[in-house]
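**Student:** I'm passing along entry.cif; it holds mmCIF, C-alpha atoms.
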data_final
loop_
_atom_site.label_atom_id
_atom_site.label_comp_id
_atom_site.auth_asym_id
_atom_site.auth_seq_id
_atom_site.Cartn_x
_atom_site.Cartn_y
_atom_site.Cartn_z
CA MET B 1 0.00 0.00 0.00
CA TYR B 2 1.83 3.09 -1.28
CA PRO B 3 0.84 6.56 -2.36
CA ASP B 4 1.13 6.13 -6.12
CA LYS B 5 -0.36 9.30 -7.61
CA ALA B 6 1.96 12.14 -8.63
CA ASN B 7 -0.17 14.67 -6.69
CA SER B 8 0.13 12.67 -3.47
CA LEU B 9 3.82 11.87 -3.90
CA ALA B 10 4.53 15.59 -4.21
CA ALA B 11 3.14 16.06 -0.68
CA VAL B 12 4.92 12.98 0.72
CA PHE B 13 8.26 14.29 -0.50
CA SER B 14 7.73 17.93 0.50
CA SER B 15 6.87 16.64 3.97
CA LEU B 16 10.07 14.57 4.02
CA ALA B 17 12.02 17.66 2.91
CA LEU B 18 10.73 19.48 6.01
CA ALA B 19 11.60 16.52 8.24
CA ALA B 20 15.14 16.29 6.83
CA GLU B 21 15.60 20.03 7.31
CA LYS B 22 14.61 19.71 10.99
CA GLN B 23 17.28 17.03 11.35
CA GLN B 24 19.70 19.46 9.69
CA LYS B 25 20.23 17.10 6.76
CA TYR B 26 20.14 19.98 4.33
CA GLU B 27 21.37 18.18 1.20
CA LEU B 28 18.85 15.39 1.70
CA SER B 29 16.16 18.00 2.29
CA GLU B 30 16.96 19.70 -1.03
CA GLU B 31 16.90 16.36 -2.80
CA TYR B 32 13.43 15.60 -1.41
CA ALA B 33 12.23 19.09 -2.35
CA ARG B 34 13.48 18.59 -5.92
CA ARG B 35 11.69 15.25 -6.08
CA SER B 36 8.50 16.86 -4.81
CA SER B 37 8.53 19.58 -7.47
CA GLY B 38 9.33 16.95 -10.10
CA TYR B 39 6.00 15.29 -9.39
CA ILE B 40 4.24 18.65 -9.62
CA GLU B 41 5.68 19.23 -13.09
CA ASP B 42 4.48 15.78 -14.13
CA ILE B 43 0.80 16.48 -13.63
CA GLU B 44 -1.83 18.75 -14.98
CA GLY B 45 -4.79 19.47 -12.73
CA GLU B 46 -8.07 20.48 -14.30
CA THR B 47 -9.61 23.86 -13.62
CA GLN B 48 -12.88 23.64 -11.71
CA SER B 49 -15.30 26.07 -10.13
CA LEU B 50 -14.99 27.25 -6.53
CA GLU B 51 -18.31 25.49 -5.87
CA TYR B 52 -16.78 22.20 -7.00
CA LEU B 53 -13.82 22.72 -4.66
CA ARG B 54 -16.11 23.56 -1.74
CA ASP B 55 -18.18 20.42 -2.36
CA GLN B 56 -15.02 18.28 -2.38
CA ILE B 57 -14.02 19.76 0.98
CA LEU B 58 -17.54 19.17 2.34
CA GLU B 59 -17.37 15.56 1.21
CA ASP B 60 -14.13 15.10 3.19
CA LEU B 61 -15.78 16.65 6.24
CA SER B 62 -18.63 14.13 6.08
CA GLU B 63 -16.67 11.08 4.87
CA GLY B 64 -12.86 10.92 4.63
CA ILE B 65 -11.98 12.79 7.83
CA PRO B 66 -14.51 11.02 10.15
CA LYS B 67 -13.48 7.66 8.65
CA ALA B 68 -9.75 8.21 9.23
CA ASN B 69 -10.58 9.53 12.70
CA GLN B 70 -12.62 6.42 13.57
CA GLU B 71 -9.88 4.11 12.29
CA SER B 72 -7.39 6.02 14.45
CA ILE B 73 -9.65 5.71 17.51
CA ASP B 74 -10.11 1.96 16.90
CA ALA B 75 -6.33 1.53 16.57
CA GLY B 76 -5.56 3.69 19.64
CA ASP B 77 -3.56 5.98 17.33
CA ARG B 78 -3.45 9.38 19.01
CA GLY B 79 -1.38 11.00 16.27
CA GLY B 80 -4.01 10.09 13.70
CA GLN B 81 -6.80 11.47 15.89
CA ARG B 82 -4.85 14.70 16.39
CA ALA B 83 -4.31 15.05 12.64
CA MET B 84 -7.99 14.51 11.88
CA LYS B 85 -9.07 17.06 14.50
CA TRP B 86 -6.84 19.66 12.80
CA ALA B 87 -7.96 18.55 9.32
CA GLU B 88 -11.60 18.99 10.36
CA LYS B 89 -11.11 22.50 11.74
CA VAL B 90 -8.91 23.59 8.81
CA SER B 91 -11.35 22.17 6.23
CA LYS B 92 -14.20 24.12 7.84
CA ILE B 93 -12.16 27.32 7.52
CA GLN B 94 -11.28 26.54 3.88
CA LYS B 95 -14.95 25.93 3.16
CA SER B 96 -16.15 29.12 4.85
CA LEU B 97 -13.54 31.23 3.02
CA ILE B 98 -14.65 29.83 -0.33
CA ASP B 99 -18.28 30.59 0.62
CA ARG B 100 -17.27 34.09 1.63
CA TYR B 101 -15.65 34.70 -1.76
CA ILE B 102 -18.62 33.22 -3.64
CA LYS B 103 -20.91 35.57 -1.72
CA LYS B 104 -18.85 38.76 -1.56
CA GLY B 105 -16.52 38.38 -4.56
CA SER B 106 -13.69 40.88 -4.69
CA GLU B 107 -14.80 42.36 -1.33
CA ALA B 108 -14.11 39.08 0.51
CA ILE B 109 -10.77 40.04 2.04
CA GLY B 110 -11.06 43.83 1.99
CA ASP B 111 -7.80 45.57 2.84
CA GLN B 112 -6.73 42.76 5.18
CA SER B 113 -3.92 40.25 4.64
CA VAL B 114 -4.11 36.46 4.42
CA PHE B 115 -1.95 34.21 6.61
CA VAL B 116 -1.56 30.42 6.51
CA CYS B 117 -0.32 28.37 9.48
CA GLN B 118 2.51 26.14 8.23
CA SER B 119 1.91 23.66 11.01
CA CYS B 120 -1.80 22.85 10.50
CA GLY B 121 -2.98 24.82 7.43
CA PHE B 122 -5.29 27.21 9.30
CA ILE B 123 -6.09 30.30 7.19
CA PHE B 124 -6.40 33.65 8.94
CA ILE B 125 -7.55 36.99 7.53
CA GLY B 126 -6.43 40.07 9.43
CA SER B 127 -3.83 42.79 9.60
CA GLU B 128 -1.32 40.62 11.48
CA ALA B 129 -0.89 36.89 12.09
CA PRO B 130 -2.53 35.71 15.34
CA GLU B 131 -0.17 35.41 18.31
CA ILE B 132 -1.08 31.75 18.68
CA CYS B 133 -2.74 29.55 16.06
CA PRO B 134 -6.28 28.83 17.29
CA VAL B 135 -6.17 25.31 15.81
CA CYS B 136 -2.71 23.93 16.64
CA LYS B 137 -1.38 26.54 19.12
CA VAL B 138 1.94 27.34 17.41
CA PRO B 139 3.26 30.92 17.75
CA SER B 140 2.81 33.56 15.04
CA LEU B 141 6.22 32.93 13.50
CA LYS B 142 4.84 29.72 11.96
CA PHE B 143 2.36 31.73 9.88
CA ARG B 144 3.18 32.57 6.26
CA LYS B 145 1.79 35.77 4.78
CA ILE B 146 0.28 35.23 1.34
CA ALA B 147 1.63 37.89 -1.00
CA MET L 1 24.53 12.96 18.60
CA TYR L 2 25.87 16.46 18.09
CA ALA L 3 24.91 19.86 19.44
CA SER L 4 22.96 22.43 17.47
CA ARG L 5 22.12 26.03 18.22
CA ASN L 6 18.70 27.59 17.67
CA ILE L 7 19.76 31.13 16.82
CA ARG L 8 16.18 32.35 17.40
CA LEU L 9 16.63 31.62 21.10
CA CYS L 10 20.35 32.46 21.45
CA THR L 11 20.88 35.65 23.45
CA LYS L 12 24.69 35.64 23.10
CA ASP L 13 25.37 34.71 26.72
CA CYS L 14 28.35 32.77 25.31
CA LEU L 15 28.54 30.25 28.14
CA CYS L 16 28.75 27.57 25.44
CA LEU L 17 32.11 29.00 24.40
CA MET L 18 33.47 28.66 27.94
CA VAL L 19 32.45 25.05 28.51
CA CYS L 20 33.15 23.56 25.08
CA PRO L 21 36.30 21.37 25.25
CA THR L 22 37.04 21.62 21.52
CA GLY L 23 35.91 25.10 20.49
CA ALA L 24 33.18 23.63 18.29
CA THR L 25 30.69 26.21 19.56
CA ASN L 26 32.95 29.08 18.49
CA THR L 27 32.19 29.56 14.80
CA GLU L 28 31.60 32.44 12.42
CA ASN L 29 28.29 31.18 11.05
CA GLY L 30 26.37 30.91 14.34
CA GLN L 31 26.15 27.13 14.04
CA ILE L 32 28.13 24.54 15.98
CA ASP L 33 30.91 22.80 14.06
CA ARG L 34 29.84 19.20 13.58
CA GLU L 35 33.39 18.04 12.80
CA THR L 36 34.83 19.03 16.16
CA CYS L 37 31.72 18.62 18.35
CA ILE L 38 32.10 15.59 20.66
CA SER L 39 29.15 13.25 20.20
CA GLY L 40 26.90 13.25 23.28
CA CYS L 41 29.12 15.62 25.29
CA ARG L 42 26.25 18.08 25.92
CA ARG L 43 28.20 20.50 28.15
CA CYS L 44 27.03 23.45 26.07
CA VAL L 45 23.43 22.16 26.13
CA ASP L 46 23.42 22.16 29.95
CA ALA L 47 25.30 25.45 30.25
CA CYS L 48 23.11 27.56 27.98
CA PRO L 49 20.82 29.79 30.09
CA SER L 50 18.56 30.44 27.06
CA HIS L 51 17.96 26.76 26.22
CA ALA L 52 19.17 27.58 22.73
CA ILE L 53 21.33 24.45 22.26
CA TYR L 54 20.02 20.94 21.83
CA LEU L 55 21.33 17.57 20.68
CA VAL L 56 20.50 16.23 17.24
CA LEU L 57 20.36 12.45 16.83
CA ASP L 58 22.47 10.70 14.18
CA ASP L 59 19.70 8.21 13.59
CA TYR L 60 16.07 8.90 14.30
CA PRO L 61 13.95 6.01 15.60
CA ASP L 62 11.48 4.23 13.36
CA PRO L 63 7.97 5.43 14.29
CA PRO L 64 5.62 2.65 15.48
CA GLN L 65 3.95 0.69 12.67
CA LYS L 66 0.33 1.69 12.06
CA PRO L 67 -2.38 -0.83 11.26
CA ALA L 68 -3.36 -1.11 7.59
CA SER L 69 -6.82 0.36 8.34
CA VAL L 70 -5.28 3.65 9.53
CA VAL L 71 -2.70 3.79 6.73
CA GLU L 72 -5.38 3.14 4.13
CA SER L 73 -7.74 5.86 5.37
CA MET L 74 -4.89 8.40 5.70
CA LEU L 75 -3.68 7.64 2.17
CA ALA L 76 -7.24 7.93 0.82
CA LEU L 77 -7.56 11.39 2.38
CA LEU L 78 -4.06 12.32 1.16
CA ASP L 79 -5.10 11.45 -2.43
CA ARG L 80 -8.19 13.66 -2.17
CA LYS L 81 -6.41 16.63 -0.59
CA ALA L 82 -3.57 16.40 -3.13
CA ASP L 83 -6.08 16.30 -6.00
CA GLN L 84 -7.85 19.36 -4.58
CA GLU L 85 -4.50 21.15 -4.42
CA ALA L 86 -3.91 20.25 -8.08
CA VAL L 87 -7.29 21.75 -8.98
CA VAL L 88 -6.36 24.96 -7.15
CA ARG L 89 -2.99 25.01 -8.91
CA ALA L 90 -4.76 24.71 -12.28
CA MET L 91 -7.10 27.54 -11.28
CA LEU L 92 -4.09 29.68 -10.35
CA LYS L 93 -2.50 28.92 -13.71
CA ALA L 94 -5.66 30.01 -15.50
CA ASP L 95 -6.07 33.06 -13.24
CA ASP L 96 -5.49 36.32 -15.12
CA GLY L 97 -4.90 38.26 -11.89
CA SER L 98 -7.79 40.63 -12.55
CA ASP L 99 -9.11 40.04 -9.02
CA SER L 100 -6.23 40.07 -6.55
CA GLN L 101 -8.51 38.77 -3.78
CA LEU L 102 -9.27 35.62 -5.76
CA THR L 103 -5.55 35.11 -6.41
CA GLN L 104 -4.84 35.46 -2.69
CA LEU L 105 -7.63 33.07 -1.76
CA LEU L 106 -6.38 30.45 -4.23
CA LYS L 107 -2.77 30.79 -3.05
CA ALA L 108 -3.90 30.41 0.56
CA LEU L 109 -5.97 27.32 -0.31
CA GLU L 110 -3.06 25.78 -2.25
CA ASN L 111 -0.76 26.25 0.74
CA SER L 112 -3.35 25.11 3.29
CA LEU L 113 -4.29 21.97 1.34
CA ARG L 114 -0.61 21.05 1.03
CA VAL L 115 -0.10 21.36 4.79
CA VAL L 116 -3.07 19.04 5.41
CA SER L 117 -1.78 16.55 2.76
CA GLU L 118 1.64 16.52 4.41
CA ASP L 119 0.05 15.78 7.78
CA CYS L 120 -1.86 12.84 6.24
CA ALA L 121 1.40 11.58 4.69
CA ARG L 122 3.14 11.68 8.07
CA GLU L 123 0.25 9.93 9.80
CA ALA L 124 0.34 7.24 7.08
CA GLY L 125 3.87 6.45 8.27
CA TYR L 126 6.10 8.73 6.15
CA MET L 127 7.19 10.57 9.28
CA HIS L 128 10.84 11.21 8.39
CA PRO L 129 13.64 9.88 6.15
CA GLU L 130 14.57 7.01 8.50
CA ALA L 131 11.02 5.64 8.89
CA SER L 132 10.71 2.12 7.49
CA ALA L 133 7.65 3.22 5.48
CA THR L 134 9.79 5.91 3.81
CA LYS L 135 12.54 3.41 3.02
CA ALA L 136 10.00 0.96 1.57
CA LEU L 137 8.45 3.70 -0.58
CA GLU L 138 11.83 4.82 -1.89
CA ALA L 139 12.71 1.20 -2.75
CA GLU L 140 9.37 0.85 -4.51
CA LEU L 141 9.96 4.02 -6.53
CA GLY L 142 13.53 3.03 -7.29
CA GLY L 143 15.87 5.54 -5.79
#
Rewrite the structure from the file as structure tokens, please.
**Tutor:**
Amino acid sequence: MYPDKANSLAAVFSSLALAAEKQQKYELSEEYARRSSGYIEDIEGETQSLEYLRDQILEDLSEGIPKANQESIDAGDRGGQRAMKWAEKVSKIQKSLIDRYIKKGSEAIGDQSVFVCQSCGFIFIGSEAPEICPVCKVPSLKFRKIA
Amino acid sequence: MYASRNIRLCTKDCLCLMVCPTGATNTENGQIDRETCISGCRRCVDACPSHAIYLVLDDYPDPPQKPASVVESMLALLDRKADQEAVVRAMLKADDGSDSQLTQLLKALENSLRVVSEDCAREAGYMHPEASATKALEAELGG
């Protein structure tokens, strides 16, 4: 049982690049990062509507995330349960932001900035990144400002 | 197991310089010299009042094996999140930039979906380079 799609392998290897960097294996980290972008170049995603994207996220909230959470509970896997709790909260934010754009269009963000937590994926709209991520509790330095 | 300095926490108290038997902590680049650092010595780790020095393992332990049911459901979610990211990437490619708020939203979603995918990958067993799942995957992919 392996991840075998190019899209998924890109994420597996970008995650390994981060892990290698934390271990200060910088050359290995760069190699993983190169491999990750290689998979990205391989594939062509198809453009869809924002509504389509929102419905995909909603489907995960009602199926994929609860399923993986239940399997983690049954296996006594706390890491898996933690990941699914974050995935649930982050997916709800993604969904509500898409809804906000569908409703308000180019007024959705106003003159605020957009920040993404690099630890859990939480998206925040405001003038500055929150001091502590409300989902995973990391400090503001883990937020990336979207240019 | 060698020492490493987190320069975000370092407040230049320089006690590490005084206790280091080899001078490995005294470098120009702010990092500790791995060549001269004595494995497991940890004098600088204990001396630092800012907790800015820690030991890095040579080999990280293999994370516990997960049952197939967990791996399968994490990989299924990874596939979906990665596909959603690819859709967003295609939308960004097609985006003419006429609405900067849409561009920002798409970029944020692309980043956020990737972070969630990476978490699923880790929870499916691909925790770090030394994990047996990672080694098996690399063997499978050839290289």
**Student:** Based on only C-alpha atoms, which of the residues in chain B come within 6 Å of chain L? I want them as a ChimeraX atom specification.
**Tutor:** /B:7-8,11-12,15-16,19,45-47,64,68,71-72,80,106,121
**Student:** Give me the box for segment 49-56 of chain B as JSON, namely the centre and edge lengths in Å to one decimal of a box along x, y and z that holds every listed atom plus 4 Å on each side.
**Tutor:**
{"center_x": -16.1, "center_y": 22.8, "center_z": -5.9, "size_x": 12.5, "size_y": 17.0, "size_z": 16.4}
**Student:** Evaluate the PyMOL selection byres ((chain B and resi 40) around 9) against this structure - the residues, as a PDB file with C-alpha atoms, in the coordinates of the input, please.
**Tutor:**
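Listed below is the output, selection-v4.pdb:
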ATOM      1  CA  ALA B   6       1.960  12.140  -8.630  1.00  0.00           C
ATOM      2  CA  ASN B   7      -0.170  14.670  -6.690  1.00  0.00           C
ATOM      3  CA  LEU B   9       3.820  11.870  -3.900  1.00  0.00           C
ATOM      4  CA  ALA B  10       4.530  15.590  -4.210  1.00  0.00           C
ATOM      5  CA  ARG B  35      11.690  15.250  -6.080  1.00  0.00           C
ATOM      6  CA  SER B  36       8.500  16.860  -4.810  1.00  0.00           C
ATOM      7  CA  SER B  37       8.530  19.580  -7.470  1.00  0.00           C
ATOM      8  CA  GLY B  38       9.330  16.950 -10.100  1.00  0.00           C
ATOM      9  CA  TYR B  39       6.000  15.290  -9.390  1.00  0.00           C
ATOM     10  CA  GLU B  41       5.680  19.230 -13.090  1.00  0.00           C
ATOM     11  CA  ASP B  42       4.480  15.780 -14.130  1.00  0.00           C
ATOM     12  CA  ILE B  43       0.800  16.480 -13.630  1.00  0.00           C
ATOM     13  CA  GLU B  44      -1.830  18.750 -14.980  1.00  0.00           C
TER      14      GLU B  44
ATOM     15  CA  ALA L  86      -3.910  20.250  -8.080  1.00  0.00           C
TER      16      ALA L  86
END
**Student:** Distance atom CA of Ile125 of chain B-atom CA of Gly105 of chain B, one decimal place?
**Tutor:**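 Straight-line distance from atom CA of Ile125 of chain B to atom CA of Gly105 of chain B works out to 15.1 Å.
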**Student:** Considering only C-alpha atoms, state which residue in the set B:Ile109, B:Val116, B:Ala83, B:Ile73 is at the smallest distance from Ser140 of chain B.
**Tutor:**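 Among the listed residues, the smallest separation from Ser140 of chain B belongs to B:Val116.
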**Student:** Atom CA of Lys22 of chain B and atom CA of Arg43 of chain L, how far apart in Å?
**Tutor:**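 These two atoms are separated by 21.9 Å.
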**Student:** Counting only C-alpha atoms, which of L:Lys12, L:Gly125, L:Arg5, L:Ser132 gets nearest to Gly79 of chain B?
**Tutor:**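 Closest to Gly79 of chain B of all the choices is L:Gly125.
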**Student:** How many Å separate atom CA of Leu58 of chain B from atom CA of Lys92 of chain B?
**Tutor:**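 Value for the atom CA of Leu58 of chain B-atom CA of Lys92 of chain B distance: 8.1 Å.
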**Student:** Compute the distance from (33.1, 17.2, 28.1) to each atom, counting all atoms listed in the file, keep the residues with any atom at most 12 Å away, and return them as a ChimeraX atom specification; use the coordinates of the file.
**Tutor:** /L:16,18-24,37-47
**Student:** Between L:Ala131, L:Gly142, L:Leu55, L:Thr36, which is the closest to Ala3 of chain L once you count all atoms listed in the file?
**Tutor:** L:Leu55
**Student:** Would you translate the PyMOL selection byres ((chain B and resi 102) around 12) into the concrete set of residues it matches in this file, as a tab-separated table (two decimals) with C-alpha atoms, keeping the file's coordinate frame?
**Tutor:**
chain	number	residue	atom	x	y	z
B	49	SER	CA	-15.30	26.07	-10.13
B	50	LEU	CA	-14.99	27.25	-6.53
B	51	GLU	CA	-18.31	25.49	-5.87
B	52	TYR	CA	-16.78	22.20	-7.00
B	53	LEU	CA	-13.82	22.72	-4.66
B	54	ARG	CA	-16.11	23.56	-1.74
B	95	LYS	CA	-14.95	25.93	3.16
B	96	SER	CA	-16.15	29.12	4.85
B	97	LEU	CA	-13.54	31.23	3.02
B	98	ILE	CA	-14.65	29.83	-0.33
B	99	ASP	CA	-18.28	30.59	0.62
B	100	ARG	CA	-17.27	34.09	1.63
B	101	TYR	CA	-15.65	34.70	-1.76
B	103	LYS	CA	-20.91	35.57	-1.72
B	104	LYS	CA	-18.85	38.76	-1.56
B	105	GLY	CA	-16.52	38.38	-4.56
B	106	SER	CA	-13.69	40.88	-4.69
B	107	GLU	CA	-14.80	42.36	-1.33
B	108	ALA	CA	-14.11	39.08	0.51
B	109	ILE	CA	-10.77	40.04	2.04
L	101	GLN	CA	-8.51	38.77	-3.78
L	102	LEU	CA	-9.27	35.62	-5.76
L	105	LEU	CA	-7.63	33.07	-1.76
**Student:** Tell me, as a PyMOL selection string, which residues lie within 12 Å of Pro134 of chain B, counting only C-alpha atoms; anything in the same chain fewer than 2 positions away does not count.
**Tutor:** chain B and resi 86+89-90+93+116-117+119-124+129-132+136-140+143
**Student:** Limited to C-alpha atoms, could you put the picked residues into a file as an mmCIF file, keeping the file's coordinate frame?
**Tutor:**
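Below is the file that was written, selection.cif:
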data_model
loop_
_atom_site.group_PDB
_atom_site.id
_atom_site.type_symbol
_atom_site.label_atom_id
_atom_site.label_comp_id
_atom_site.auth_asym_id
_atom_site.auth_seq_id
_atom_site.Cartn_x
_atom_site.Cartn_y
_atom_site.Cartn_z
ATOM 1 C CA TRP B 86 -6.840 19.660 12.800
ATOM 2 C CA LYS B 89 -11.110 22.500 11.740
ATOM 3 C CA VAL B 90 -8.910 23.590 8.810
ATOM 4 C CA ILE B 93 -12.160 27.320 7.520
ATOM 5 C CA VAL B 116 -1.560 30.420 6.510
ATOM 6 C CA CYS B 117 -0.320 28.370 9.480
ATOM 7 C CA SER B 119 1.910 23.660 11.010
ATOM 8 C CA CYS B 120 -1.800 22.850 10.500
ATOM 9 C CA GLY B 121 -2.980 24.820 7.430
ATOM 10 C CA PHE B 122 -5.290 27.210 9.300
ATOM 11 C CA ILE B 123 -6.090 30.300 7.190
ATOM 12 C CA PHE B 124 -6.400 33.650 8.940
ATOM 13 C CA ALA B 129 -0.890 36.890 12.090
ATOM 14 C CA PRO B 130 -2.530 35.710 15.340
ATOM 15 C CA GLU B 131 -0.170 35.410 18.310
ATOM 16 C CA ILE B 132 -1.080 31.750 18.680
ATOM 17 C CA CYS B 136 -2.710 23.930 16.640
ATOM 18 C CA LYS B 137 -1.380 26.540 19.120
ATOM 19 C CA VAL B 138 1.940 27.340 17.410
ATOM 20 C CA PRO B 139 3.260 30.920 17.750
ATOM 21 C CA SER B 140 2.810 33.560 15.040
ATOM 22 C CA PHE B 143 2.360 31.730 9.880
#
**Student:** Using only C-alpha atoms, which of the listed residues (B:Asp4, B:Ser91, B:Gln56, B:Leu141) sits closest to Arg8 of chain L?
**Tutor:** B:Leu141
**Student:** Given the file shown, determine the residues that the PyMOL selection byres ((chain B and resi 65) around 9) selects; report them as a list of chain:residue names.
**Tutor:**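 Selected by the PyMOL selection byres ((chain B and resi 65) around 9) here: B:Glu59, B:Asp60, B:Leu61, B:Ser62, B:Glu63, B:Gly64, B:Pro66, B:Lys67, B:Ala68, B:Asn69, B:Gln70, B:Met84, B:Lys85, B:Ala87, B:Glu88, L:Ser73, L:Met74, L:Leu77.
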